[in-house]
$ cat entry.tsv   # TSV, C-alpha atoms
chain	number	residue	atom	x	y	z
A	267	MET	CA	-7.09	-38.37	-27.74
A	268	ALA	CA	-8.25	-35.00	-26.39
A	269	ARG	CA	-6.42	-31.94	-27.65
A	270	LEU	CA	-5.33	-28.90	-25.74
A	271	VAL	CA	-7.47	-25.91	-26.61
A	272	LYS	CA	-5.80	-22.54	-26.76
A	273	GLN	CA	-7.50	-19.85	-24.70
A	274	SER	CA	-9.81	-17.80	-26.91
A	275	LEU	CA	-9.46	-14.05	-27.32
A	276	GLY	CA	-12.81	-13.69	-25.59
A	277	GLN	CA	-11.44	-15.48	-22.52
A	278	GLU	CA	-8.34	-13.29	-22.53
A	279	VAL	CA	-10.49	-10.16	-22.74
A	280	THR	CA	-12.66	-11.48	-19.90
A	281	ARG	CA	-9.60	-11.90	-17.66
A	282	MET	CA	-8.30	-8.47	-18.64
A	283	LEU	CA	-11.60	-6.71	-17.91
A	284	LYS	CA	-11.98	-8.57	-14.62
A	285	ARG	CA	-8.52	-7.42	-13.55
A	286	MET	CA	-9.38	-3.83	-14.58
A	287	ILE	CA	-12.54	-4.03	-12.45
A	288	ILE	CA	-10.71	-5.45	-9.44
A	289	ASP	CA	-7.93	-2.87	-9.74
A	290	GLY	CA	-10.46	-0.03	-9.90
A	291	GLU	CA	-9.66	1.03	-13.47
A	292	LEU	CA	-13.36	0.68	-14.25
A	293	GLU	CA	-15.44	2.45	-11.64
A	294	PRO	CA	-18.91	1.74	-10.24
A	295	GLY	CA	-21.55	3.49	-12.32
A	296	GLN	CA	-19.22	3.87	-15.29
A	297	ARG	CA	-21.12	2.88	-18.42
A	298	LEU	CA	-19.29	0.44	-20.67
A	299	VAL	CA	-20.25	0.92	-24.31
A	300	GLU	CA	-19.09	-1.82	-26.67
A	301	ASP	CA	-17.84	0.20	-29.63
A	302	ARG	CA	-15.98	2.76	-27.51
A	303	LEU	CA	-14.42	0.16	-25.23
A	304	ALA	CA	-13.42	-2.03	-28.19
A	305	ALA	CA	-11.69	0.95	-29.80
A	306	GLU	CA	-9.84	1.79	-26.59
A	307	LEU	CA	-8.66	-1.81	-26.13
A	308	GLY	CA	-7.79	-2.25	-29.80
A	309	ILE	CA	-9.98	-5.32	-30.31
A	310	SER	CA	-13.07	-6.21	-32.32
A	311	ARG	CA	-16.52	-6.15	-30.78
A	312	THR	CA	-17.02	-9.92	-30.98
A	313	PRO	CA	-14.55	-10.99	-28.24
A	314	LEU	CA	-15.50	-7.92	-26.21
A	315	ARG	CA	-19.19	-8.83	-26.41
A	316	GLU	CA	-18.31	-12.37	-25.28
A	317	ALA	CA	-16.33	-11.01	-22.33
A	318	LEU	CA	-19.04	-8.56	-21.25
A	319	HIS	CA	-21.69	-11.27	-21.42
A	320	ARG	CA	-19.57	-13.64	-19.30
A	321	LEU	CA	-18.90	-10.93	-16.69
A	322	GLU	CA	-22.65	-10.27	-16.58
A	323	GLN	CA	-23.22	-13.98	-15.92
A	324	GLU	CA	-20.60	-13.89	-13.14
A	325	GLY	CA	-22.46	-11.01	-11.53
A	326	LEU	CA	-19.85	-8.30	-12.07
A	327	LEU	CA	-21.74	-6.35	-14.73
A	328	GLN	CA	-25.35	-5.35	-15.20
A	329	LYS	CA	-26.87	-4.77	-18.63
A	330	ARG	CA	-28.74	-1.50	-19.11
A	331	SER	CA	-32.04	-1.32	-20.98
A	332	ALA	CA	-30.67	1.72	-22.81
A	333	GLY	CA	-27.60	-0.20	-23.96
A	334	GLY	CA	-24.17	-0.93	-22.55
A	335	TYR	CA	-23.21	-2.25	-19.15
A	336	VAL	CA	-22.40	-0.89	-15.69
A	337	LEU	CA	-20.65	-2.46	-12.72
A	338	ARG	CA	-23.39	-4.14	-10.74
A	339	PRO	CA	-23.91	-2.90	-7.17
A	340	PHE	CA	-23.98	-5.40	-4.33
A	341	ASP	CA	-25.89	-5.17	-1.08
A	342	ALA	CA	-24.41	-6.12	2.28
A	343	GLU	CA	-26.19	-9.50	2.42
A	344	GLU	CA	-24.83	-10.55	-0.96
A	345	VAL	CA	-21.32	-9.45	-0.04
A	346	GLU	CA	-21.50	-11.37	3.23
A	347	GLU	CA	-22.53	-14.53	1.38
A	348	ALA	CA	-19.68	-14.14	-1.12
A	349	VAL	CA	-17.15	-13.62	1.68
A	350	GLN	CA	-18.38	-16.71	3.53
A	351	VAL	CA	-18.09	-18.86	0.41
A	352	ARG	CA	-14.64	-17.51	-0.36
A	353	ALA	CA	-13.53	-18.20	3.22
A	354	LEU	CA	-14.54	-21.86	2.86
A	355	LEU	CA	-12.80	-22.28	-0.49
A	356	GLU	CA	-9.62	-20.45	0.51
A	357	ALA	CA	-9.43	-22.42	3.77
A	358	ARG	CA	-9.53	-25.66	1.79
A	359	VAL	CA	-6.79	-24.36	-0.51
A	360	ALA	CA	-4.59	-23.51	2.48
A	361	ALA	CA	-5.13	-26.96	3.98
A	362	LEU	CA	-4.14	-28.63	0.72
A	363	ALA	CA	-1.08	-26.37	0.45
A	364	ALA	CA	0.03	-27.46	3.94
A	365	ARG	CA	-0.12	-31.08	2.75
A	366	ARG	CA	1.27	-30.68	-0.76
A	367	ALA	CA	3.53	-27.61	-0.99
A	368	ALA	CA	6.91	-28.39	-2.58
A	369	PRO	CA	10.07	-26.76	-1.14
A	370	GLY	CA	10.22	-24.28	-4.02
A	371	GLN	CA	6.61	-23.24	-3.43
A	372	VAL	CA	7.30	-22.68	0.27
A	373	GLU	CA	10.27	-20.48	-0.62
A	374	ALA	CA	8.09	-18.49	-3.02
A	375	LEU	CA	5.57	-17.88	-0.22
A	376	ARG	CA	8.35	-16.72	2.10
A	377	ALA	CA	9.74	-14.41	-0.58
A	378	ASN	CA	6.26	-12.97	-1.04
A	379	LEU	CA	6.05	-12.22	2.70
A	380	THR	CA	9.39	-10.39	2.59
A	381	ALA	CA	8.40	-8.36	-0.47
A	382	PHE	CA	5.02	-7.57	1.10
A	383	ARG	CA	6.67	-6.15	4.22
A	384	GLU	CA	9.07	-4.08	2.13
A	385	ALA	CA	6.19	-2.63	0.10
A	386	ALA	CA	4.27	-1.86	3.31
A	387	ALA	CA	7.29	-0.07	4.77
A	388	LYS	CA	7.53	2.08	1.63
A	389	GLY	CA	3.79	2.72	1.53
A	390	ASP	CA	3.66	1.29	-1.99
A	391	VAL	CA	-0.04	0.41	-2.14
A	392	VAL	CA	0.07	-0.63	-5.80
A	393	ARG	CA	2.76	-3.17	-5.03
A	394	LEU	CA	0.85	-4.33	-1.94
A	395	ALA	CA	-2.17	-5.13	-4.10
A	396	GLU	CA	-0.02	-7.05	-6.59
A	397	LEU	CA	1.68	-9.05	-3.85
A	398	ASN	CA	-1.60	-9.85	-2.12
A	399	THR	CA	-2.95	-11.29	-5.36
A	400	GLU	CA	0.31	-13.19	-5.87
A	401	PHE	CA	0.13	-14.66	-2.34
A	402	HIS	CA	-3.25	-16.22	-2.95
A	403	LEU	CA	-2.23	-17.50	-6.38
A	404	LEU	CA	0.90	-19.10	-4.91
A	405	LEU	CA	-1.22	-20.90	-2.32
A	406	ARG	CA	-3.62	-22.12	-5.00
A	407	ALA	CA	-0.67	-23.47	-7.00
A	408	ALA	CA	0.69	-25.20	-3.89
A	409	GLY	CA	-2.74	-26.66	-3.14
A	410	GLY	CA	-2.86	-28.17	-6.60
A	411	SER	CA	-6.65	-28.16	-7.03
A	412	MET	CA	-7.76	-26.90	-10.43
A	413	LEU	CA	-11.41	-27.00	-9.34
A	414	LEU	CA	-10.84	-24.76	-6.32
A	415	ALA	CA	-8.69	-22.41	-8.39
A	416	ARG	CA	-11.46	-22.07	-10.98
A	417	LEU	CA	-14.18	-21.48	-8.39
A	418	LEU	CA	-12.06	-18.89	-6.59
A	419	ASP	CA	-11.26	-17.13	-9.85
A	420	GLU	CA	-14.97	-16.61	-10.42
A	421	ILE	CA	-15.77	-15.34	-6.93
A	422	GLU	CA	-12.63	-13.21	-6.67
A	423	GLY	CA	-14.14	-10.47	-8.79
A	424	VAL	CA	-17.05	-10.10	-6.39
A	425	VAL	CA	-14.98	-9.86	-3.23
A	426	GLU	CA	-11.68	-8.29	-4.25
A	427	ARG	CA	-13.10	-5.25	-6.05
A	428	ILE	CA	-15.24	-4.45	-3.01
A	429	ILE	CA	-12.34	-4.77	-0.59
A	430	ARG	CA	-10.08	-2.61	-2.74
A	431	ALA	CA	-12.80	0.01	-3.19
A	432	LEU	CA	-13.78	0.30	0.44
A	433	VAL	CA	-10.76	-0.68	2.54
A	434	PRO	CA	-7.59	1.46	2.35
A	435	LEU	CA	-4.78	-0.76	1.04
A	436	ARG	CA	-2.22	0.71	3.43
A	437	GLU	CA	-4.52	-0.10	6.34
A	438	ALA	CA	-5.31	-3.59	5.04
A	439	GLY	CA	-1.60	-4.24	4.50
A	440	GLU	CA	-0.92	-4.05	8.23
A	441	TRP	CA	-3.19	-6.91	9.22
A	442	SER	CA	-2.70	-8.84	5.97
A	443	ASP	CA	1.01	-9.10	6.78
A	444	GLU	CA	0.24	-10.74	10.13
A	445	ASP	CA	-2.44	-12.99	8.63
A	446	HIS	CA	-0.19	-14.10	5.76
A	447	ALA	CA	2.64	-14.89	8.17
A	448	ARG	CA	0.36	-17.15	10.22
A	449	ILE	CA	-0.82	-18.95	7.10
A	450	VAL	CA	2.72	-19.52	5.81
A	451	ALA	CA	3.90	-20.73	9.22
A	452	ALA	CA	1.13	-23.35	9.24
A	453	VAL	CA	1.94	-24.41	5.67
A	454	VAL	CA	5.64	-24.78	6.54
A	455	ALA	CA	4.72	-26.87	9.60
A	456	GLY	CA	2.44	-29.08	7.50
A	457	ASP	CA	-0.44	-28.09	9.77
A	458	ALA	CA	-3.43	-28.40	7.45
A	459	GLU	CA	-6.01	-27.58	10.14
A	460	GLY	CA	-4.04	-24.55	11.34
A	461	ALA	CA	-3.53	-23.27	7.78
A	462	ALA	CA	-7.24	-23.60	7.04
A	463	GLU	CA	-8.23	-21.72	10.19
A	464	ALA	CA	-5.65	-18.97	9.62
A	465	MET	CA	-6.91	-18.49	6.08
A	466	ARG	CA	-10.56	-18.51	7.15
A	467	VAL	CA	-9.85	-15.78	9.71
A	468	HIS	CA	-7.91	-13.81	7.10
A	469	VAL	CA	-10.72	-13.80	4.54
A	470	LEU	CA	-13.35	-12.95	7.16
A	471	HIS	CA	-11.02	-10.21	8.43
A	472	GLY	CA	-11.32	-8.34	5.14
A	473	GLY	CA	-14.99	-9.19	4.88
A	474	ASP	CA	-15.74	-7.65	8.27
A	475	ALA	CA	-14.08	-4.39	7.23
A	476	VAL	CA	-16.10	-4.26	4.01
A	477	LEU	CA	-19.41	-5.08	5.69
A	478	ASP	CA	-18.85	-2.44	8.37
A	479	THR	CA	-18.41	0.15	5.63
A	480	LEU	CA	-21.28	-1.04	3.45
A	481	ARG	CA	-23.67	-0.82	6.38
A	482	GLN	CA	-22.74	2.75	7.21
A	483	PRO	CA	-25.24	5.42	6.09
A	484	GLU	CA	-24.05	7.06	2.89
A	485	GLY	CA	-25.12	10.09	0.90
A	486	GLU	CA	-26.55	10.04	-2.59
A	487	PRO	CA	-24.27	8.38	-5.16
A	488	ASP	CA	-22.53	10.42	-7.80
A	489	GLY	CA	-23.83	10.34	-11.36
A	490	ALA	CA	-22.33	7.73	-13.63
A	491	ARG	CA	-20.24	8.38	-16.69
A	492	ASP	CA	-19.51	6.61	-19.93
A	493	ALA	CA	-16.31	4.68	-20.48
A	494	GLY	CA	-14.31	6.48	-23.11
A	495	ALA	CA	-16.66	9.45	-23.19
A	496	GLU	CA	-17.08	12.67	-21.26
A	497	GLY	CA	-19.30	12.42	-18.18
A	498	GLN	CA	-22.86	11.51	-19.03
A	499	PRO	CA	-25.17	10.56	-16.16
A	500	ASP	CA	-26.33	6.98	-16.08
A	501	ALA	CA	-29.82	6.32	-14.77
A	502	ALA	CA	-28.74	3.07	-13.14
A	503	GLY	CA	-26.31	4.78	-10.75
A	504	THR	CA	-25.10	2.91	-7.68
A	505	SER	CA	-26.69	2.30	-4.30
A	506	ALA	CA	-25.59	4.40	-1.36
A	507	ALA	CA	-23.04	1.96	-0.01
A	508	ALA	CA	-22.55	-0.27	-3.02
A	509	LEU	CA	-19.02	0.16	-4.23
A	510	ALA	CA	-18.94	3.92	-4.29
A	511	GLY	CA	-15.20	3.61	-4.60
A	512	ARG	CA	-14.50	6.71	-2.57
A	513	PRO	CA	-16.76	6.49	0.50
A	514	SER	CA	-16.97	9.46	2.83
A	515	GLY	CA	-15.94	7.29	5.77
A	516	LYS	CA	-14.27	3.92	6.18
A	517	ALA	CA	-14.53	1.64	9.14
A	518	ALA	CA	-11.34	0.28	10.67
A	519	PRO	CA	-10.81	-3.41	9.99
A	520	LYS	CA	-11.65	-5.70	12.89
A	521	LYS	CA	-8.90	-7.67	14.55
A	522	PRO	CA	-9.61	-11.39	14.78

$ encode --input "entry.tsv" --output "structure tokens"
Amino acid sequence: MARLVKQSLGQEVTRMLKRMIIDGELEPGQRLVEDRLAAELGISRTPLREALHRLEQEGLLQKRSAGGYVLRPFDAEEVEEAVQVRALLEARVAALAARRAAPGQVEALRANLTAFREAAAKGDVVRLAELNTEFHLLLRAAGGSMLLARLLDEIEGVVERIIRALVPLREAGEWSDEDHARIVAAVVAGDAEGAAEAMRVHVLHGGDAVLDTLRQPEGEPDGARDAGAEGQPDAAGTSAAALAGRPSGKAAPKKP
């Protein structure tokens, strides 16, 4: 009989670093040096090395010839492809949720909507980000597909960190509220096709805003710095529009 395998420390570190990247705690161009980062996180270099290698394979990090890693820049075409794939996967999740959601899961989605609106009214952008992540996780749980959840977990790092870097959360919260409400209404009605379409529009909504910004002309990127060290320029740098984190101008999200 197969045995349950406890998640390794390397996997836990991978999830932690991915969340730090998505939340903007690790910035584009910031050099990640193993020994310094391990000391800051209070872990050995072995699980950290495993996590960094996995994040490189997932396309979030780029290894430097001089040592260490940096967040890998993405061009507009690559971002567009990632958004399109995510839209397909998330739409399928929403359709499954409309067919399978239990009463308790529906109530959790409704509670999330209420909390999201309260956070938006207060201008609490940190809470908005948390609730947005929670919304999508609740839908994945309601959909009940481990395969889709795993695929989305891998692509999330590509899309979410770009959206959070380039689209103001307060601004995104306004249209996300409306999008989420349409998705939940379709799930409650058991309308799988409607839920899928509402989710597809929602994902492309954020993608349009990101692509508009990425395609704007930008100035020269700032020099990179080491993680855990005082600013030291990194030769890799970042491309003009690739996840600068603090762009000089942001395009308004498109309405579907």

$ atom_distance --input "entry.tsv" --atom1 "CA of Val336 in chain A" --atom2 "CA of Ser310 in chain A"
19.8 Å

$ atom_distance --input "entry.tsv" --atom1 "CA of Glu322 in chain A" --atom2 "CA of Gly334 in chain A"
11.2 Å

$ residues_around --input "entry.tsv" --residues "Arg448 in chain A" --least-positions-apart "2" --cutoff "12 Å" --atoms "only C-alpha atoms" --output "list of chain:residue names"
A:Ala360, A:Leu375, A:Arg376, A:Leu379, A:Trp441, A:Ser442, A:Asp443, A:Glu444, A:Asp445, A:His446, A:Val450, A:Ala451, A:Ala452, A:Val453, A:Val454, A:Ala455, A:Asp457, A:Gly460, A:Ala461, A:Ala462, A:Glu463, A:Ala464, A:Met465, A:Arg466, A:Val467, A:His468

$ atom_distance --input "entry.tsv" --atom1 "CA of Gly370 in chain A" --atom2 "CA of Ala357 in chain A"
21.2 Å

$ closest_residue --input "entry.tsv" --among "A:Leu477, A:Leu417, A:Leu394, A:Leu470" --to "Glu324 in chain A" --atoms "all atoms listed in the file"
A:Leu417

$ closest_residue --input "entry.tsv" --among "A:Glu291, A:Ala317, A:Ser411, A:Arg302" --to "Glu278 in chain A" --atoms "all atoms listed in the file"
A:Ala317

$ closest_atom_pairs --input "entry.tsv" --of "range 283-367 of chain A" --to "range 403-410 of chain A" --cutoff "10 Å" --atoms "all atoms listed in the file" --output "JSON lines"
{"residue": "A:Glu356", "atom": "CA", "partner": "A:Arg406", "partner_atom": "CA", "distance": 8.3}
{"residue": "A:Arg358", "atom": "CA", "partner": "A:Gly409", "partner_atom": "CA", "distance": 8.5}
{"residue": "A:Val359", "atom": "CA", "partner": "A:Gly409", "partner_atom": "CA", "distance": 5.3}
{"residue": "A:Ala360", "atom": "CA", "partner": "A:Leu405", "partner_atom": "CA", "distance": 6.4}
{"residue": "A:Ala361", "atom": "CA", "partner": "A:Gly409", "partner_atom": "CA", "distance": 7.5}
{"residue": "A:Leu362", "atom": "CA", "partner": "A:Gly409", "partner_atom": "CA", "distance": 4.6}
{"residue": "A:Ala363", "atom": "CA", "partner": "A:Gly409", "partner_atom": "CA", "distance": 4.0}
{"residue": "A:Ala364", "atom": "CA", "partner": "A:Gly409", "partner_atom": "CA", "distance": 7.6}
{"residue": "A:Arg365", "atom": "CA", "partner": "A:Gly409", "partner_atom": "CA", "distance": 7.8}
{"residue": "A:Arg366", "atom": "CA", "partner": "A:Gly409", "partner_atom": "CA", "distance": 6.2}
{"residue": "A:Ala367", "atom": "CA", "partner": "A:Ala408", "partner_atom": "CA", "distance": 4.7}

$ write_last_selection --input "entry.tsv" --atoms "C-alpha atoms" --output "PDB file, in the coordinates of the input"
ATOM      1  CA  GLU A 356      -9.620 -20.450   0.510  1.00  0.00           C
ATOM      2  CA  ARG A 358      -9.530 -25.660   1.790  1.00  0.00           C
ATOM      3  CA  VAL A 359      -6.790 -24.360  -0.510  1.00  0.00           C
ATOM      4  CA  ALA A 360      -4.590 -23.510   2.480  1.00  0.00           C
ATOM      5  CA  ALA A 361      -5.130 -26.960   3.980  1.00  0.00           C
ATOM      6  CA  LEU A 362      -4.140 -28.630   0.720  1.00  0.00           C
ATOM      7  CA  ALA A 363      -1.080 -26.370   0.450  1.00  0.00           C
ATOM      8  CA  ALA A 364       0.030 -27.460   3.940  1.00  0.00           C
ATOM      9  CA  ARG A 365      -0.120 -31.080   2.750  1.00  0.00           C
ATOM     10  CA  ARG A 366       1.270 -30.680  -0.760  1.00  0.00           C
ATOM     11  CA  ALA A 367       3.530 -27.610  -0.990  1.00  0.00           C
TER      12      ALA A 367
END

$ closest_residue --input "entry.tsv" --among "A:Glu293, A:Val279, A:Asp419, A:Leu326" --to "Leu307 in chain A" --atoms "only C-alpha atoms"
A:Val279

$ decode --input "entry.tsv" --residues "range 331-397 of chain A" --atoms "C-alpha atoms" --output "compact mmCIF listing (two decimals), in the first residue's frame"
# COMPACT_ATOMS: atom_id res chain seq x y z
CA SER A 331 27.03 33.17 -14.51
CA ALA A 332 28.66 35.09 -11.66
CA GLY A 333 26.66 33.16 -9.06
CA GLY A 334 23.28 33.52 -7.42
CA TYR A 335 19.90 34.08 -9.00
CA VAL A 336 17.72 37.00 -10.08
CA LEU A 337 14.01 37.21 -10.86
CA ARG A 338 13.72 36.42 -14.54
CA PRO A 339 12.26 39.16 -16.75
CA PHE A 340 9.38 38.33 -19.07
CA ASP A 341 8.56 39.89 -22.41
CA ALA A 342 5.03 40.81 -23.47
CA GLU A 343 4.63 37.75 -25.72
CA GLU A 344 5.53 35.35 -22.93
CA VAL A 345 3.20 37.09 -20.51
CA GLU A 346 0.36 36.96 -23.03
CA GLU A 347 0.86 33.22 -23.48
CA ALA A 348 0.87 32.64 -19.71
CA VAL A 349 -2.32 34.67 -19.28
CA GLN A 350 -4.07 32.74 -22.05
CA VAL A 351 -3.13 29.40 -20.50
CA ARG A 352 -4.23 30.55 -17.06
CA ALA A 353 -7.54 31.76 -18.47
CA LEU A 354 -8.24 28.30 -19.91
CA LEU A 355 -7.33 26.50 -16.69
CA GLU A 356 -9.19 28.89 -14.38
CA ALA A 357 -12.27 28.74 -16.63
CA ARG A 358 -12.30 24.96 -16.31
CA VAL A 359 -11.97 25.26 -12.52
CA ALA A 360 -14.93 27.64 -12.39
CA ALA A 361 -17.04 25.30 -14.50
CA LEU A 362 -16.25 22.37 -12.21
CA ALA A 363 -17.03 24.52 -9.16
CA ALA A 364 -20.47 25.33 -10.61
CA ARG A 365 -21.14 21.60 -10.87
CA ARG A 366 -19.55 20.40 -7.64
CA ALA A 367 -19.51 23.19 -5.04
CA ALA A 368 -20.93 22.09 -1.67
CA PRO A 369 -23.16 24.51 0.31
CA GLY A 370 -20.32 25.32 2.70
CA GLN A 371 -18.00 26.15 -0.19
CA VAL A 372 -20.61 28.47 -1.70
CA GLU A 373 -20.95 30.25 1.64
CA ALA A 374 -17.17 30.64 1.84
CA LEU A 375 -17.16 32.26 -1.61
CA ARG A 376 -19.92 34.65 -0.57
CA ALA A 377 -18.06 35.52 2.63
CA ASN A 378 -14.97 36.23 0.56
CA LEU A 379 -16.95 38.64 -1.63
CA THR A 380 -18.19 40.51 1.45
CA ALA A 381 -14.72 40.73 2.96
CA PHE A 382 -13.28 41.84 -0.39
CA ARG A 383 -15.75 44.74 -0.61
CA GLU A 384 -15.01 45.78 2.96
CA ALA A 385 -11.26 45.80 2.27
CA ALA A 386 -11.82 47.81 -0.92
CA ALA A 387 -13.90 50.36 0.97
CA LYS A 388 -11.10 50.77 3.51
CA GLY A 389 -8.41 50.92 0.84
CA ASP A 390 -6.64 47.98 2.48
CA VAL A 391 -4.59 46.78 -0.50
CA VAL A 392 -2.73 44.13 1.50
CA ARG A 393 -6.00 42.54 2.53
CA LEU A 394 -7.30 42.82 -1.05
CA ALA A 395 -4.34 40.80 -2.30
CA GLU A 396 -4.88 38.14 0.37
CA LEU A 397 -8.59 37.87 -0.39
